[in-house]
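Chemist: Handing you a structure now.
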Amino acid sequence: MEQAMTTGANAGAYREKYRPQYHFTPPTMWMNDPNGMVYFEGEYHLFYQHHPDGMTWGPMHWGHAVSRDLVHWEHLPIALAPDGNGAIFSGSAVVDWTDSCGLLGGRPGLVALFTHADHYPGSTRPRQRQSLAYSTDRGRTWTMYAGNPVLSDERFTDFRDPKVIWYEPGAYWVMVLAAGDRVRLYTSGDLKAWTFASEFGADEGSHDGVWECPDLIELPVEGSAGQRKWALLVSIGDHPELADGSKTQYFVGSFDGLAFVNEASAERVLWLDHGRDNYAGVTWADAPRDGGRKVAVGWMSNWKYANQTPTSTWRSAMTLPRELSLRETPEGLRLVQRPISELQGLRQAGREVLLRDAAVEPGENLLAGVCGDVYELVCELEPGTAAEIGFKLRTSAEEETVIGYRAAEQTLIVDRRRSGESSFHDGFACRHELRVPLRKGRLRLQLFVDQSSVELFVHDGEIVLTDQIFPDPASTGLALYAEGGEGRAVELQLYPLKSMYALVGV
């Protein structure tokens with residue numbers, strides 16, 4: 001089964017140490033939250049928090065890229081830059097199909113709502129206000145609205161990250177906005193004048209950090225024809241006393257155009273991702289396919305160490321795009337994330353590795369002849385009599401990232417204590433674990449490994465863990481292991497993945 005996996009990328013460009021080969025990264029310098037995600041005239045737009053003059057967080061701009069398939073990206077010039085109203089913090093973009101704002105010359109166009117950030121005059125107190133910009137040329141150039149800002153409230157120091165949606169039953173716009181430790185909802189007919197509608201979250205969910213980057217979306221419930229419910233995503237900023245750092249929670253419930261109602265108990269906390277590196281995720285507006293699939297992407301980092309990760313000319317990547325839905329599970333109604341189907345186009349035909357009904361025994365490695373650094377692995381495992389079964393990724397004599405399952409405790413483990421470079425932050429080299437019951441005695445995993453990350457989708461997306469790793473480029477080994485007894489690989493498929501850059505001539 002000897003097989004070496006290669007990315008196929010052209011030599012040189014986008015091949016720096018740790019540079020992901022199928023995750024979005026900025027060409028150079030700093031990036032954080034995804035912003036302004038919208039689909040229009042055949043293009044997915046991804047804007048992002050960007051500091052074009054430094055490798056750490058600084059005066060925020062909106063970087064910009066477009067794609068026709070959410071896999072291959074064309075980098076465009078900076079879309080929004082700081083002006084007299086302040087720096088450009090996070091926000092959203094919509095297609096204003098009817099020119100409700102009156103700024104688009106009577107034709108459909110793009111409108112961005114975002115946070116202008118500066119300080120109150122004569123004070124060190126931060127000031128955050130919501131503003132508007134618009135584009136009549138498919139997002140290539142943007143004009144600041146002369147009446148900015150369009151929404152402010154001096155009571156809140158943290159007052160940011162507007163996500164705007166069109167509420168079809170009421171034929172008006174809705175904005176969900178983070179305000180300290182809760183979200184506030186507003187409505188508008190023209191995207192310029194906003195009226196307060198309701199507030200949510202003061203006594204619900206996690207308040208371990210400031211609330212940020214909300215998103216309010218309607219999702220289908222799998223296996224229930226026509227049933228849909230609303231989900232509210234809210235990211236939680238880093239708190240120095242908590243080891244996990246920044247992460248994202250979600251609520252499931254109902255929305256009547258004015259107020260969101262959580263259907264779970266107020267103290268119940270549901271996490272979008274159980275790894276350390278998925279933050280500020282939001283969905284694309286106006287995405288096509290069957291009335292509009294909901295596709296999300298997050299910033300693949302953590303405020304604990306985001307400014308210190310050991311990359312050279314750029315810093316930070318986005319997660320894989322994930323299609324969202326809801327599913328009834330034995331644990332209750334849960335948000336499900338599946339990697340988008342377009343990623344299958346990166347699989348290298350004829351180079352896959354396949355195992356079926358194979359015994360996994362202590363001291364043996366059925367994948368001993370396989371090596372690689374950029375691949376997808378799909379498998380179903382039965383623990384059998386093994387105390388622990390799983391994979392060791394990006395291995396060498398000194399390095400490994402472990403994805404393991406302990407059957408007695410029903411615990412899934414991600415261990416990056418020996419995953420590679422970790423000296424940049426004391427908390428990076430860690431092991432985290434999560435209770436994951438088997439489904440019919442089996443564990444179904446889908447793993448995506450890139451130059452500096454591992455994304456793990458469990459039971460067809462019911463549970464997700466996203467973690468950065470920074471292994472030596474020579475650490476390309478792979479092991480399927482069992483300890484304390486014999487397990488079984490019911491089926492295993494491993495696909496080397498092509499670099500997204502190889503197909504666009506970079």
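Chain lettering (A, B, ...) mirrors the order of the structure tokens, residue numbering begins at 1 for each chain separately, and ligand numbering begins at 1 in order of display.
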Please list as number ranges by chain every residue within 10 Å of His274 in chain A, counting only C-alpha atoms and excluding residues in the same chain fewer than 3 positions away.
Modeler: A: 244, 247-248, 270-271, 277-278, 414, 432-434, 456, 463-467
Chemist: Using 12 Å as the limit and counting only C-alpha atoms, can you tabulate each residue of range 149-245 of chain A that touches range 331-347 of chain A, with its shortest atom-to-atom distance in Å and the two atoms involved, as a Markdown table?
Modeler:
| residue | atom | partner | partner_atom | distance |
| --- | --- | --- | --- | --- |
| A:Ile217 | CA | A:Leu335 | CA | 11.4 |
| A:Glu218 | CA | A:Leu335 | CA | 11.4 |
| A:Leu219 | CA | A:Leu335 | CA | 8.9 |
| A:Pro220 | CA | A:Leu335 | CA | 10.0 |
| A:Val221 | CA | A:Leu333 | CA | 8.7 |
| A:Glu222 | CA | A:Val336 | CA | 9.4 |
| A:Arg228 | CA | A:Leu333 | CA | 11.8 |
| A:Lys229 | CA | A:Leu333 | CA | 10.2 |
| A:Trp230 | CA | A:Leu335 | CA | 10.4 |
| A:Ala231 | CA | A:Leu335 | CA | 8.2 |
| A:Leu232 | CA | A:Leu335 | CA | 10.5 |
| A:Leu233 | CA | A:Leu335 | CA | 10.3 |
Chemist: Next, dump the selected residues to file, keeping only N, CA and C atoms, as a compact mmCIF listing (two decimals), in the first residue's frame.
Modeler:
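Output contents, as saved in selection.txt:
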# COMPACT_ATOMS: atom_id res chain seq x y z
N ILE A 217 -30.30 32.55 11.20
CA ILE A 217 -30.55 31.81 9.97
C ILE A 217 -31.70 30.83 10.16
N GLU A 218 -32.44 30.60 9.09
CA GLU A 218 -33.48 29.59 9.09
C GLU A 218 -32.94 28.35 8.40
N LEU A 219 -33.10 27.18 9.06
CA LEU A 219 -32.49 25.95 8.57
C LEU A 219 -33.53 24.83 8.45
N PRO A 220 -33.33 23.93 7.49
CA PRO A 220 -34.21 22.76 7.40
C PRO A 220 -33.89 21.74 8.48
N VAL A 221 -34.91 21.00 8.91
CA VAL A 221 -34.72 19.88 9.82
C VAL A 221 -34.67 18.62 8.98
N GLU A 222 -33.55 17.91 9.04
CA GLU A 222 -33.36 16.74 8.21
C GLU A 222 -34.43 15.69 8.47
N ARG A 228 -38.81 23.67 9.27
CA ARG A 228 -37.64 24.54 9.39
C ARG A 228 -37.68 25.21 10.75
N LYS A 229 -36.51 25.49 11.28
CA LYS A 229 -36.40 26.23 12.53
C LYS A 229 -35.29 27.27 12.38
N TRP A 230 -35.26 28.21 13.31
CA TRP A 230 -34.25 29.26 13.27
C TRP A 230 -33.11 28.92 14.22
N ALA A 231 -31.93 29.29 13.82
CA ALA A 231 -30.74 29.14 14.66
C ALA A 231 -30.06 30.49 14.79
N LEU A 232 -29.59 30.77 15.98
CA LEU A 232 -28.84 32.00 16.27
C LEU A 232 -27.42 31.60 16.67
N LEU A 233 -26.44 32.01 15.88
CA LEU A 233 -25.03 31.77 16.20
C LEU A 233 -24.46 33.00 16.89
Chemist: Tell me, in Å to one decimal, how far CA of Asn302 in chain A is from CA of Thr476 in chain A.
Modeler: 25.1 Å
Chemist: Set the distance at 9 Å and use only C-alpha atoms: which residues neighbour Glu486 in chain A once local chain neighbours fewer than 3 positions away are removed? I'd like the list as a list in words.
Modeler: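 Everything that qualifies: Ala359, Val360, Glu361, Pro362, Pro383, Gly384, Thr385, Ala386, Ala387, Ile389, Ala482 and Glu483 of chain A.
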Chemist: Write out, as an mmCIF file, in the first residue's frame, the residues just selected, with C-alpha atoms.
Modeler:
data_model
loop_
_atom_site.group_PDB
_atom_site.id
_atom_site.type_symbol
_atom_site.label_atom_id
_atom_site.label_comp_id
_atom_site.auth_asym_id
_atom_site.auth_seq_id
_atom_site.Cartn_x
_atom_site.Cartn_y
_atom_site.Cartn_z
ATOM 1 C CA ALA A 359 -8.800 -5.909 11.871
ATOM 2 C CA VAL A 360 -6.931 -3.193 13.775
ATOM 3 C CA GLU A 361 -4.559 -4.864 16.225
ATOM 4 C CA PRO A 362 -2.166 -3.471 18.842
ATOM 5 C CA PRO A 383 -13.813 -0.319 18.824
ATOM 6 C CA GLY A 384 -14.443 -4.012 19.507
ATOM 7 C CA THR A 385 -12.289 -5.072 22.469
ATOM 8 C CA ALA A 386 -9.831 -2.189 22.037
ATOM 9 C CA ALA A 387 -9.536 0.223 24.934
ATOM 10 C CA ILE A 389 -8.693 3.136 18.641
ATOM 11 C CA ALA A 482 -5.524 0.165 18.560
ATOM 12 C CA GLU A 483 -4.561 -0.287 22.206
#
Chemist: Within 7 Å of Ala93 in chain A, counting only C-alpha atoms, which residues show up once you throw out same-chain ones fewer than 4 positions away? Write them as a compact mmCIF listing (two decimals) with all heavy atoms, in the first residue's frame, please.
Modeler:
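New file part-v1.txt:
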# COMPACT_ATOMS: atom_id res chain seq x y z
N GLY A 36 -19.12 40.14 5.45
CA GLY A 36 -19.79 40.52 4.21
C GLY A 36 -20.04 39.40 3.23
O GLY A 36 -20.07 39.61 2.02
N MET A 37 -20.25 38.20 3.69
CA MET A 37 -20.36 37.05 2.81
C MET A 37 -21.70 37.06 2.08
O MET A 37 -22.76 37.01 2.70
CB MET A 37 -20.16 35.77 3.61
CG MET A 37 -18.72 35.65 4.13
SD MET A 37 -18.56 34.67 5.63
CE MET A 37 -19.38 33.18 5.17
N VAL A 38 -21.63 37.10 0.74
CA VAL A 38 -22.83 37.23 -0.07
C VAL A 38 -22.58 36.62 -1.45
O VAL A 38 -21.44 36.62 -1.94
CB VAL A 38 -23.24 38.72 -0.20
CG1 VAL A 38 -22.20 39.54 -0.94
CG2 VAL A 38 -24.62 38.88 -0.84
N LEU A 110 -25.07 45.53 -4.28
CA LEU A 110 -24.60 45.05 -2.99
C LEU A 110 -24.55 46.19 -1.98
O LEU A 110 -24.08 47.28 -2.29
CB LEU A 110 -23.21 44.42 -3.12
CG LEU A 110 -23.12 43.18 -4.02
CD1 LEU A 110 -21.67 42.70 -4.10
CD2 LEU A 110 -24.01 42.06 -3.51
N VAL A 111 -25.01 45.89 -0.77
CA VAL A 111 -24.96 46.84 0.33
C VAL A 111 -24.28 46.17 1.51
O VAL A 111 -24.65 45.05 1.89
CB VAL A 111 -26.37 47.33 0.73
CG1 VAL A 111 -26.28 48.28 1.93
CG2 VAL A 111 -27.04 48.02 -0.45
N ALA A 112 -23.28 46.82 2.07
CA ALA A 112 -22.56 46.31 3.24
C ALA A 112 -22.95 47.11 4.47
O ALA A 112 -23.00 48.34 4.43
CB ALA A 112 -21.05 46.38 3.03
N LEU A 113 -23.26 46.42 5.55
CA LEU A 113 -23.49 47.02 6.87
C LEU A 113 -22.37 46.55 7.78
O LEU A 113 -22.13 45.35 7.90
CB LEU A 113 -24.84 46.59 7.44
CG LEU A 113 -26.12 47.30 6.96
CD1 LEU A 113 -26.10 48.78 7.28
CD2 LEU A 113 -26.39 47.04 5.50
Chemist: Between A:Asp208, A:Glu199, A:Asp181, A:Asp137, which is the closest to Thr157 in chain A once you count only C-alpha atoms?
Modeler: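 Once distances to Thr157 in chain A are computed over only C-alpha atoms, the minimum belongs to A:Asp181.
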